[in-house]
$ cat entry-v3.cif   # mmCIF, C-alpha atoms (C1' of nucleotides)
data_target
loop_
_atom_site.label_atom_id
_atom_site.label_comp_id
_atom_site.auth_asym_id
_atom_site.auth_seq_id
_atom_site.Cartn_x
_atom_site.Cartn_y
_atom_site.Cartn_z
CA MET A 1 9.23 80.44 48.26
CA THR A 2 11.84 80.57 50.94
CA GLN A 3 12.52 76.92 51.43
CA ASN A 4 9.74 74.84 49.96
CA ALA A 5 12.24 72.07 49.64
CA GLY A 6 11.90 68.41 50.31
CA ALA A 7 9.20 67.90 47.71
CA SER A 8 10.05 64.78 45.80
CA GLU A 9 13.44 63.50 44.81
CA GLY A 10 15.73 66.45 44.33
CA LEU A 11 13.82 68.52 41.83
CA LEU A 12 12.46 70.73 44.51
CA PHE A 13 14.42 73.90 43.89
CA LEU A 14 13.86 74.14 40.18
CA THR A 15 11.74 77.26 40.11
CA ASP A 16 12.02 79.48 37.08
CA ALA A 17 13.61 82.13 39.21
CA GLN A 18 16.27 79.73 40.39
CA LEU A 19 16.96 78.67 36.87
CA ARG A 20 17.18 82.24 35.68
CA LYS A 21 19.66 82.90 38.43
CA GLY A 22 21.75 80.06 37.12
CA ILE A 23 21.57 81.48 33.62
CA GLU A 24 22.78 84.85 34.75
CA ALA A 25 25.49 83.27 36.81
CA MET A 26 26.83 81.66 33.66
CA PHE A 27 26.67 84.93 31.82
CA PHE A 28 28.49 87.02 34.38
CA ALA A 29 30.95 84.33 35.36
CA TYR A 30 31.98 83.75 31.78
CA ARG A 31 32.86 87.39 31.55
CA GLY A 32 35.16 87.06 34.50
CA PHE A 33 36.51 83.85 33.13
CA THR A 34 37.75 85.50 29.94
CA ALA A 35 38.66 88.88 31.37
CA ASP A 36 42.24 88.18 32.42
CA PRO A 37 43.42 86.46 29.24
CA ASP A 38 41.63 89.11 27.21
CA ARG A 39 43.69 91.80 28.84
CA ILE A 40 46.92 90.02 28.04
CA LEU A 41 45.86 89.23 24.51
CA ALA A 42 44.91 92.80 23.82
CA THR A 43 48.43 94.02 24.50
CA LEU A 44 49.77 91.47 22.03
CA ASP A 45 47.25 92.11 19.31
CA TYR A 46 45.73 88.68 19.58
CA GLY A 47 42.16 87.70 20.29
CA ARG A 48 40.24 84.94 21.94
CA ALA A 49 40.42 82.86 18.82
CA HIS A 50 44.19 82.75 19.16
CA HIS A 51 43.88 81.86 22.80
CA ARG A 52 41.61 78.93 22.08
CA ALA A 53 43.88 77.57 19.38
CA VAL A 54 46.96 77.88 21.55
CA HIS A 55 45.17 76.31 24.49
CA PHE A 56 44.11 73.19 22.65
CA ILE A 57 47.38 72.78 20.80
CA ASN A 58 49.09 72.89 24.14
CA ARG A 59 46.67 70.40 25.59
CA SER A 60 47.13 67.92 22.78
CA PRO A 61 50.44 68.50 21.06
CA GLY A 62 50.53 67.00 17.61
CA LEU A 63 46.83 67.20 16.98
CA THR A 64 45.76 67.70 13.39
CA VAL A 65 44.00 70.65 11.88
CA SER A 66 40.75 68.78 11.49
CA GLN A 67 40.84 67.62 15.09
CA LEU A 68 41.28 71.18 16.19
CA LEU A 69 38.48 72.18 13.86
CA ALA A 70 36.17 69.69 15.52
CA ILE A 71 37.05 70.91 18.98
CA LEU A 72 36.63 74.57 18.19
CA GLY A 73 33.56 74.16 16.06
CA VAL A 74 34.42 76.80 13.48
CA THR A 75 35.05 76.66 9.76
CA LYS A 76 38.46 75.86 8.41
CA GLN A 77 38.67 79.26 6.78
CA SER A 78 38.14 80.90 10.11
CA LEU A 79 40.64 78.73 11.90
CA ASN A 80 43.15 79.11 9.13
CA ARG A 81 43.25 82.83 9.43
CA VAL A 82 44.19 82.44 13.06
CA LEU A 83 46.67 79.62 12.50
CA ARG A 84 48.40 81.58 9.80
CA THR A 85 49.22 84.44 12.11
CA LEU A 86 50.38 81.98 14.74
CA PHE A 87 52.73 80.38 12.23
CA GLU A 88 53.99 83.73 11.01
CA ASP A 89 54.65 84.90 14.53
CA GLY A 90 56.43 81.68 15.33
CA LEU A 91 54.12 80.53 18.09
CA VAL A 92 52.97 77.36 16.43
CA GLU A 93 54.66 74.98 14.05
CA ALA A 94 53.19 72.30 11.84
CA ARG A 95 54.92 68.99 11.23
CA VAL A 96 53.87 66.73 8.41
CA GLY A 97 52.20 63.57 9.66
CA LYS A 98 54.35 60.45 9.69
CA THR A 99 51.85 57.89 8.55
CA ASP A 100 49.51 60.23 6.72
CA LYS A 101 51.46 62.96 5.05
CA ARG A 102 48.38 65.03 4.39
CA GLU A 103 48.04 65.79 8.05
CA ARG A 104 49.70 68.73 9.68
CA ARG A 105 50.48 68.02 13.28
CA LEU A 106 50.38 71.19 15.33
CA HIS A 107 52.85 72.01 18.06
CA LEU A 108 53.66 75.05 20.13
CA THR A 109 57.12 76.54 19.83
CA GLU A 110 58.94 77.76 22.90
CA LYS A 111 57.49 81.18 22.25
CA GLY A 112 54.03 79.71 21.89
CA SER A 113 54.43 77.78 25.11
CA ALA A 114 55.42 80.94 26.87
CA LEU A 115 52.28 82.71 25.74
CA GLU A 116 50.14 79.75 26.66
CA ARG A 117 51.62 79.72 30.11
CA SER A 118 51.07 83.38 30.67
CA LEU A 119 47.44 83.06 29.58
CA SER A 120 46.65 79.96 31.54
CA ASP A 121 48.45 81.23 34.60
CA ALA A 122 46.10 84.15 34.66
CA GLN A 123 43.08 82.02 34.08
CA ARG A 124 44.11 79.40 36.58
CA ALA A 125 44.72 82.05 39.20
CA ARG A 126 41.12 83.15 38.94
CA MET A 127 39.87 79.61 38.90
CA ARG A 128 41.96 78.77 41.92
CA ALA A 129 40.65 81.75 43.80
CA ALA A 130 37.08 80.84 42.96
CA TYR A 131 37.63 77.24 44.02
CA ARG A 132 39.14 78.31 47.28
CA ALA A 133 36.37 80.74 47.99
CA ALA A 134 33.72 78.16 47.24
CA GLY A 135 35.30 75.16 48.88
CA PRO A 136 35.91 71.56 47.86
CA GLN A 137 32.28 70.50 47.95
CA ALA A 138 31.33 73.27 45.59
CA VAL A 139 33.99 72.40 43.08
CA GLN A 140 32.55 68.94 42.64
CA GLY A 141 29.13 70.36 41.97
CA PHE A 142 30.45 73.02 39.67
CA ARG A 143 32.07 70.46 37.44
CA MET A 144 29.08 68.15 37.48
CA VAL A 145 26.62 70.80 36.42
CA LEU A 146 28.86 72.15 33.70
CA GLU A 147 29.45 68.71 32.34
CA ALA A 148 25.75 68.02 32.26
CA MET A 149 25.19 71.25 30.40
CA MET A 150 27.44 70.33 27.48
CA ASP A 151 26.26 68.92 24.21
CA PRO A 152 27.11 65.22 24.09
CA GLU A 153 29.64 65.78 21.36
CA MET A 154 31.40 68.44 23.35
CA ARG A 155 31.27 66.27 26.42
CA ARG A 156 33.25 63.71 24.52
CA GLN A 157 35.83 66.31 23.61
CA TYR A 158 35.94 67.39 27.21
CA GLN A 159 36.44 63.89 28.49
CA GLY A 160 38.79 63.08 25.65
CA LEU A 161 41.92 63.78 27.63
CA LYS A 162 39.75 62.57 30.46
CA GLU A 163 41.45 62.28 33.77
CA GLY A 164 44.63 61.98 31.76
CA GLU A 165 46.22 63.63 34.70
CA ALA A 166 43.45 65.42 36.49
CA MET B 1 51.99 65.55 40.63
CA THR B 2 49.69 62.61 40.63
CA GLN B 3 47.98 62.98 43.97
CA ASN B 4 49.93 65.22 46.27
CA ALA B 5 46.67 65.96 47.98
CA GLY B 6 45.79 66.29 51.58
CA ALA B 7 48.18 69.15 52.05
CA SER B 8 46.51 71.74 54.23
CA GLU B 9 42.96 72.91 54.55
CA GLY B 10 40.91 72.09 51.48
CA LEU B 11 43.24 73.30 48.78
CA LEU B 12 44.34 69.80 48.15
CA PHE B 13 42.76 69.27 44.75
CA LEU B 14 44.06 72.43 43.18
CA THR B 15 46.54 70.85 40.85
CA ASP B 16 47.13 72.59 37.57
CA ALA B 17 45.49 69.70 35.77
CA GLN B 18 42.37 70.02 37.89
CA LEU B 19 42.24 73.72 37.23
CA ARG B 20 42.69 73.22 33.53
CA LYS B 21 39.83 70.79 33.61
CA GLY B 22 37.70 73.47 35.17
CA ILE B 23 38.73 75.92 32.50
CA GLU B 24 37.74 73.57 29.73
CA ALA B 25 34.50 72.77 31.48
CA MET B 26 33.62 76.45 31.34
CA PHE B 27 34.52 76.61 27.69
CA PHE B 28 32.51 73.64 26.55
CA ALA B 29 29.60 74.26 28.87
CA TYR B 30 29.21 77.82 27.70
CA ARG B 31 28.86 76.52 24.20
CA GLY B 32 26.00 74.31 25.26
CA PHE B 33 24.56 77.11 27.29
CA THR B 34 24.19 79.35 24.26
CA ALA B 35 23.42 76.69 21.68
CA ASP B 36 19.64 76.49 22.04
CA PRO B 37 18.91 80.23 22.00
CA ASP B 38 21.37 80.64 19.16
CA ARG B 39 19.36 78.25 17.04
CA ILE B 40 16.16 80.15 17.67
CA LEU B 41 17.80 83.50 17.09
CA ALA B 42 19.30 82.39 13.81
CA THR B 43 15.89 81.69 12.33
CA LEU B 44 14.80 85.20 13.27
CA ASP B 45 17.88 87.01 12.08
CA TYR B 46 18.86 88.07 15.53
CA GLY B 47 22.05 87.41 17.41
CA ARG B 48 23.27 86.96 20.93
CA ALA B 49 23.45 90.67 21.39
CA HIS B 50 19.71 90.90 20.92
CA HIS B 51 19.18 88.05 23.31
CA ARG B 52 21.17 89.71 26.03
CA ALA B 53 19.33 92.98 25.64
CA VAL B 54 15.95 91.31 25.70
CA HIS B 55 16.90 89.20 28.67
CA PHE B 56 17.91 92.09 30.87
CA ILE B 57 15.04 94.31 29.80
CA ASN B 58 12.73 91.52 30.80
CA ARG B 59 14.50 91.06 34.08
CA SER B 60 14.30 94.72 34.98
CA PRO B 61 11.49 96.39 33.07
CA GLY B 62 11.90 100.12 32.93
CA LEU B 63 15.65 100.15 33.22
CA THR B 64 17.43 102.97 31.46
CA VAL B 65 19.79 102.75 28.54
CA SER B 66 22.80 103.54 30.68
CA GLN B 67 21.87 100.91 33.22
CA LEU B 68 21.67 98.37 30.46
CA LEU B 69 24.97 99.64 29.15
CA ALA B 70 26.58 99.01 32.52
CA ILE B 71 25.21 95.50 32.73
CA LEU B 72 26.22 94.49 29.26
CA GLY B 73 29.57 96.17 29.33
CA VAL B 74 29.55 97.39 25.75
CA THR B 75 29.64 100.82 24.16
CA LYS B 76 26.51 102.80 23.56
CA GLN B 77 27.10 102.70 19.82
CA SER B 78 27.16 98.96 19.91
CA LEU B 79 24.09 98.67 22.08
CA ASN B 80 22.26 101.23 20.03
CA ARG B 81 22.59 99.27 16.88
CA VAL B 82 20.87 96.40 18.60
CA LEU B 83 18.23 98.46 20.35
CA ARG B 84 17.31 100.20 17.13
CA THR B 85 16.39 96.96 15.44
CA LEU B 86 14.45 95.90 18.51
CA PHE B 87 12.47 99.14 18.39
CA GLU B 88 11.89 98.87 14.67
CA ASP B 89 10.68 95.32 15.00
CA GLY B 90 8.40 96.28 17.84
CA LEU B 91 9.97 94.06 20.47
CA VAL B 92 11.04 96.81 22.81
CA GLU B 93 9.57 100.20 23.55
CA ALA B 94 11.11 103.19 25.26
CA ARG B 95 9.10 105.42 27.57
CA VAL B 96 10.37 108.81 28.59
CA GLY B 97 11.38 108.94 32.24
CA LYS B 98 8.89 110.56 34.58
CA THR B 99 11.22 112.43 36.85
CA ASP B 100 14.11 112.72 34.44
CA LYS B 101 12.88 113.18 30.92
CA ARG B 102 16.27 112.48 29.43
CA GLU B 103 16.02 108.86 30.39
CA ARG B 104 14.47 106.28 28.16
CA ARG B 105 12.93 103.51 30.17
CA LEU B 106 13.00 100.25 28.29
CA HIS B 107 10.16 97.76 28.24
CA LEU B 108 9.34 94.67 26.28
CA THR B 109 6.22 94.70 24.16
CA GLU B 110 4.00 91.66 24.01
CA LYS B 111 5.95 90.52 21.00
CA GLY B 112 9.20 91.08 22.82
CA SER B 113 7.96 89.13 25.80
CA ALA B 114 7.03 86.27 23.56
CA LEU B 115 10.52 86.10 22.13
CA GLU B 116 12.07 86.35 25.56
CA ARG B 117 9.94 83.47 26.75
CA SER B 118 10.83 81.29 23.86
CA LEU B 119 14.52 81.96 24.38
CA SER B 120 14.53 81.50 28.10
CA ASP B 121 12.33 78.44 27.92
CA ALA B 122 14.97 76.79 25.80
CA GLN B 123 17.77 77.88 28.04
CA ARG B 124 15.96 76.95 31.20
CA ALA B 125 15.19 73.54 29.83
CA ARG B 126 18.86 72.83 29.45
CA MET B 127 19.67 74.29 32.82
CA ARG B 128 16.95 72.24 34.41
CA ALA B 129 18.21 69.08 32.80
CA ALA B 130 21.73 69.81 33.94
CA TYR B 131 20.57 70.53 37.47
CA ARG B 132 18.59 67.33 37.60
CA ALA B 133 21.45 65.29 36.27
CA ALA B 134 23.87 66.77 38.75
CA GLY B 135 21.66 66.82 41.81
CA PRO B 136 20.81 69.41 44.45
CA GLN B 137 24.18 69.37 46.15
CA ALA B 138 25.89 70.14 42.89
CA VAL B 139 23.68 73.10 42.10
CA GLN B 140 24.74 74.85 45.26
CA GLY B 141 28.38 74.39 44.40
CA PHE B 142 27.87 75.41 40.81
CA ARG B 143 26.43 78.73 41.82
CA MET B 144 29.05 79.35 44.47
CA VAL B 145 31.96 78.80 42.16
CA LEU B 146 30.49 80.89 39.39
CA GLU B 147 29.77 83.70 41.76
CA ALA B 148 33.29 83.61 43.05
CA MET B 149 34.58 83.77 39.51
CA MET B 150 32.86 87.06 38.68
CA ASP B 151 34.47 90.44 38.80
CA PRO B 152 33.20 92.27 41.86
CA GLU B 153 31.35 94.77 39.74
CA MET B 154 29.56 92.03 37.88
CA ARG B 155 28.82 90.24 41.10
CA ARG B 156 26.96 93.32 42.19
CA GLN B 157 24.93 93.28 39.00
CA TYR B 158 24.27 89.62 39.53
CA GLN B 159 23.13 90.10 43.07
CA GLY B 160 21.27 93.26 42.15
CA LEU B 161 17.93 91.55 41.80
CA LYS B 162 19.40 89.37 44.50
CA GLU B 163 17.14 86.71 45.85
CA GLY B 164 14.33 88.95 44.67
CA GLU B 165 12.51 85.74 44.14
CA ALA B 166 15.13 83.10 43.77
"C1'" DT C 1 43.06 54.54 -11.26
"C1'" DT C 2 39.74 56.82 -9.16
"C1'" DG C 3 37.29 58.73 -5.35
"C1'" DG C 4 37.47 60.88 -1.13
"C1'" DA C 5 40.00 62.94 2.80
"C1'" DA C 6 43.05 66.63 4.69
"C1'" DT C 7 44.40 70.86 3.90
"C1'" DG C 8 45.00 75.67 2.04
"C1'" DT C 9 43.39 79.74 -0.31
"C1'" DC C 10 40.81 83.53 -2.63
"C1'" DA C 11 36.78 86.35 -2.27
"C1'" DA C 12 32.92 88.36 -0.26
"C1'" DC C 13 29.93 89.19 3.43
"C1'" DA C 14 27.82 89.89 8.29
"C1'" DA C 15 27.58 90.47 13.26
"C1'" DG C 16 29.09 92.83 16.81
"C1'" DG C 17 32.74 94.75 19.14
"C1'" DC C 18 35.60 99.37 19.18
"C1'" DT C 19 37.10 104.64 18.81
"C1'" DG C 20 36.30 109.44 17.81
"C1'" DA C 21 33.51 113.26 16.96
"C1'" DC C 22 29.40 115.75 17.14
"C1'" DG C 23 24.51 117.08 18.40
"C1'" DT C 24 20.44 117.80 21.30
"C1'" DA C 25 17.51 117.88 25.16
"C1'" DA C 26 17.12 118.29 29.85
"C1'" DG C 27 18.72 118.41 34.49
"C1'" DT C 28 21.94 121.01 37.88
"C1'" DT C 29 24.69 124.59 39.71
"C1'" DC C 30 26.41 129.01 40.49
"C1'" DG D 1 19.77 133.03 33.49
"C1'" DA D 2 24.18 131.26 31.88
"C1'" DA D 3 27.10 127.47 32.00
"C1'" DC D 4 28.14 122.92 32.93
"C1'" DT D 5 26.95 118.09 32.93
"C1'" DT D 6 24.25 114.03 31.94
"C1'" DA D 7 21.57 110.87 29.05
"C1'" DC D 8 21.11 109.63 24.82
"C1'" DG D 9 21.51 109.30 19.64
"C1'" DT D 10 24.12 109.21 15.32
"C1'" DC D 11 27.63 109.29 11.58
"C1'" DA D 12 31.82 107.21 10.03
"C1'" DG D 13 35.33 103.98 10.03
"C1'" DC D 14 37.97 100.11 11.76
"C1'" DC D 15 38.87 95.25 13.62
"C1'" DT D 16 38.08 90.38 14.79
"C1'" DT D 17 35.93 86.43 13.99
"C1'" DG D 18 32.50 84.05 12.23
"C1'" DT D 19 30.06 82.54 7.65
"C1'" DT D 20 29.48 80.56 2.42
"C1'" DG D 21 31.12 79.20 -2.00
"C1'" DA D 22 34.50 77.79 -5.18
"C1'" DC D 23 38.71 75.76 -6.41
"C1'" DA D 24 43.52 73.44 -6.03
"C1'" DT D 25 46.80 70.19 -4.08
"C1'" DT D 26 48.39 66.24 -2.02
"C1'" DC D 27 47.92 61.84 -0.61
"C1'" DC D 28 45.52 57.59 1.23
"C1'" DA D 29 42.70 53.71 0.04
"C1'" DA D 30 39.75 50.70 -2.49
#
$ encode --input "entry-v3.cif" --output "structure tokens"
Amino acid sequence: MTQNAGASEGLLFLTDAQLRKGIEAMFFAYRGFTADPDRILATLDYGRAHHRAVHFINRSPGLTVSQLLAILGVTKQSLNRVLRTLFEDGLVEARVGKTDKRERRLHLTEKGSALERSLSDAQRARMRAAYRAAGPQAVQGFRMVLEAMMDPEMRRQYQGLKEGEA
Amino acid sequence: MTQNAGASEGLLFLTDAQLRKGIEAMFFAYRGFTADPDRILATLDYGRAHHRAVHFINRSPGLTVSQLLAILGVTKQSLNRVLRTLFEDGLVEARVGKTDKRERRLHLTEKGSALERSLSDAQRARMRAAYRAAGPQAVQGFRMVLEAMMDPEMRRQYQGLKEGEA
DNA sequence: TTGGAATGTCAACAAGGCTGACGTAAGTTC
DNA sequence: GAACTTACGTCAGCCTTGTTGACATTCCAA
């Protein structure tokens, strides 16, 4: 079991135990991944749903409600509840679409941007630390495996902004 | 901002855009990660909470309620709701501790094992596919980054069964 | 003009978190 | 042996975030 590598191709290490280890790694790491933003959000009476909305509005300013819906994969009723509080609290504003007036283009206000920054700063700090600890090689692999794990539709969303600036 | 790489050591690639890409990778990949079990669970009227419980009971048969509590990081009331249905449905059984009779050692029944297998088969299949697509190198890195992303306490849980067989 | 798309909204419900309070059995300590 | 603590369960109530179903409005497009 120790190192029965070198079998054929590169499928060697795919024992059930190895795979289970990967599964648990996802589980525990995701907890860490959300822990810092969660702490900030809790003090502000927001939840992860707000975080996600703010994140993607920041990523793609001017996106429409239905685009956001597709990214988040929730029902419009669910999203609307969240968006409403973000409007009310002045974190997000909606501008009527120029060509199609039915659309509501979503943008962060200054206040919304500030929250987004504080959340993503925290999350980036952890990500940065993990990257540093693991090294450049590892980061490549990390991204490759995660990308391969996505549903094709989500992979498209992920690559949407592509290497826009990455 | 474009490519101010090559700075010092290996921190070169840690632009905010790169980090954000990593953050989104986690988000979208986690969705894929849970998608297959979720589908199975839905048909059985169970949820992720049940999955998690079953997973860790399978991993460490005979663990106590408080150990499970520590791993899952939820309140006992919350866990109990889930455990109760698992008892009622005959998926999990509790045996009184030998040395300490206050403890309830948790075990999967045959039925519980069957569910666990069906869930983890699905999840492993996806993990296996992702690993294959990404290659051996990548898997190493994937695990390293995830591990570095965990809270120390969780990392201990993760390493608890350590390379028990991995 | 008519159908469908984009959006919002009301209502009701469920899962799965949480807190607080209380109870019981069984170890542990003095 | 009394008193404290631990392991666990339970009742009650609350919150967030997801769901379905139904219905209304506005506007684009054929």
$ resolve_selection --input "entry-v3.cif" --expression "the PyMOL selection byres ((chain D and resi 4) around 9)" --output "list of chain:residue names"
C:DT28, C:DT29, D:DA3, D:DT5
$ residues_around --input "entry-v3.cif" --residues "segment 14-24 of chain D" --least-positions-apart "2" --cutoff "12 Å" --atoms "only C-alpha atoms (C1' of nucleotides)" --output "PyMOL selection string"
(chain A and resi 42+45-50+72-82) or (chain C and resi 7-20) or (chain D and resi 12+26)
$ atom_distance --input "entry-v3.cif" --atom1 "atom CA of Asp121 of chain B" --atom2 "atom CA of Ile40 of chain B"
11.1 Å
$ calpha_fit_rmsd --input "entry-v3.cif" --fixed "chain B" --moving "chain A"
0.8 Å
$ atom_distance --input "entry-v3.cif" --atom1 "atom C1' of DA25 of chain C" --atom2 "atom CA of Arg59 of chain B"
28.4 Å
$ closest_atom_pairs --input "entry-v3.cif" --of "chain D" --to "chain B" --cutoff "10 Å" --atoms "all atoms listed in the file" --output "JSON lines"
{"residue": "D:DT6", "atom": "C1'", "partner": "B:Arg102", "partner_atom": "CA", "distance": 8.5}
{"residue": "D:DA7", "atom": "C1'", "partner": "B:Arg102", "partner_atom": "CA", "distance": 5.6}
{"residue": "D:DC8", "atom": "C1'", "partner": "B:Arg102", "partner_atom": "CA", "distance": 7.3}
{"residue": "D:DG9", "atom": "C1'", "partner": "B:Asn80", "partner_atom": "CA", "distance": 8.1}
{"residue": "D:DT10", "atom": "C1'", "partner": "B:Gln77", "partner_atom": "CA", "distance": 8.5}
$ resolve_selection --input "entry-v3.cif" --expression "the PyMOL selection byres ((chain A and resi 132) around 9)" --output "ChimeraX atom specification"
/A:127-131,133-136,139 /B:10-11,14,145,148
$ residues_around --input "entry-v3.cif" --residues "Gly141 of chain B" --least-positions-apart "2" --cutoff "6 Å" --atoms "only C-alpha atoms (C1' of nucleotides)" --output "PyMOL selection string"
(chain A and resi 138+141-142) or (chain B and resi 138-139+143-144)
$ decode --input "entry-v3.cif" --residues "segment 59-71 of chain B" --atoms "N, CA and C atoms" --output "compact mmCIF listing (two decimals), in the first residue's frame"
# COMPACT_ATOMS: atom_id res chain seq x y z
N ARG B 59 -16.48 5.97 8.77
CA ARG B 59 -15.03 6.14 8.84
C ARG B 59 -14.48 5.65 10.17
N SER B 60 -15.20 5.95 11.22
CA SER B 60 -14.72 5.61 12.56
C SER B 60 -15.81 4.89 13.34
N PRO B 61 -16.06 3.65 13.02
CA PRO B 61 -17.13 2.93 13.71
C PRO B 61 -16.88 2.94 15.21
N GLY B 62 -17.94 3.13 15.97
CA GLY B 62 -17.80 3.12 17.41
C GLY B 62 -17.47 4.47 18.00
N LEU B 63 -17.45 5.48 17.19
CA LEU B 63 -17.15 6.80 17.77
C LEU B 63 -18.35 7.26 18.60
N THR B 64 -18.07 8.14 19.54
CA THR B 64 -19.12 8.58 20.44
C THR B 64 -19.84 9.80 19.85
N VAL B 65 -20.96 10.11 20.44
CA VAL B 65 -21.73 11.27 19.98
C VAL B 65 -20.89 12.54 20.09
N SER B 66 -20.18 12.70 21.17
CA SER B 66 -19.44 13.96 21.31
C SER B 66 -18.26 14.04 20.34
N GLN B 67 -17.69 12.89 20.01
CA GLN B 67 -16.64 12.92 19.00
C GLN B 67 -17.20 13.37 17.66
N LEU B 68 -18.35 12.82 17.35
CA LEU B 68 -18.99 13.19 16.09
C LEU B 68 -19.35 14.67 16.09
N LEU B 69 -19.81 15.12 17.23
CA LEU B 69 -20.14 16.53 17.40
C LEU B 69 -18.93 17.41 17.09
N ALA B 70 -17.78 17.01 17.59
CA ALA B 70 -16.56 17.79 17.40
C ALA B 70 -16.16 17.82 15.93
N ILE B 71 -16.33 16.70 15.27
CA ILE B 71 -15.96 16.62 13.86
C ILE B 71 -16.88 17.49 13.02
